[in-house]
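First the structure, in the form of structure tokens, and then the observations on it.
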Amino acid sequence: MAEEAFFADDAACAHAIARLGALIRQLGKIETDKSQAVADASKRFEDQATPLVDERVSLAKQIEAYCVANRARLTKEGKSKTAAFTSGSAAWRSGRQKVQIVPELEAKILATLKKRGHLDLIRVREDLLLTEIGKPASKDKIKGIKGISIVPGEESFSISPIDADLVERT
């Protein structure tokens, strides 16, 4: 929705740029005020929640300690992974295994897997180097290859009002 408004002269355009700068500063002030209001509200609610969170953490630790101490009985000697109580349940679940690689040995591990023929355990990834393809030196290399085209960058327009911060007043 581009508005077609032409100014009578440079002075009128300069005045419009100054107004644009004033609008940007006003919007910045509104954004700052909004951020402060959100921060104040967040702090108020966090302060209300803190004692409840602390109690929740403490209770969870106590419940876990009790269940660990009584695990054999609660799980019927390991036949169950869940302990049922009248108010809810507690359960033990095994997490997913993780593979850990010592970073200093990764190259040796790759070489060993290749040597043993376990290529199914190695990911090989090929990517086009778009930055290199876009360089003038690559023009002859990509000539005649279907699917590659160099799209020139678009020109952009910017307006930069002069910005002078006010001295903070207390």
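Residue numbers start at 1 in each chain; chains themselves are named A, B, ... in the order of the structure tokens; ligands are numbered from 1 in the order shown.
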task = as a count of residues only, list the residues of chain A assigned to strand (DSSP E) by DSSP on the backbone atoms of this structure.
result = 8
ask   = Any idea what's packed within 9 Å of Ala90 of chain A, counting only C-alpha atoms, ignoring anything in its chain fewer than 4 positions away? Could you give it as number ranges by chain?
value = A: 63-64, 67, 81-85
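Between atom CA of Ala8 of chain A and atom CA of Leu20 of chain A the separation is 17.4 Å.
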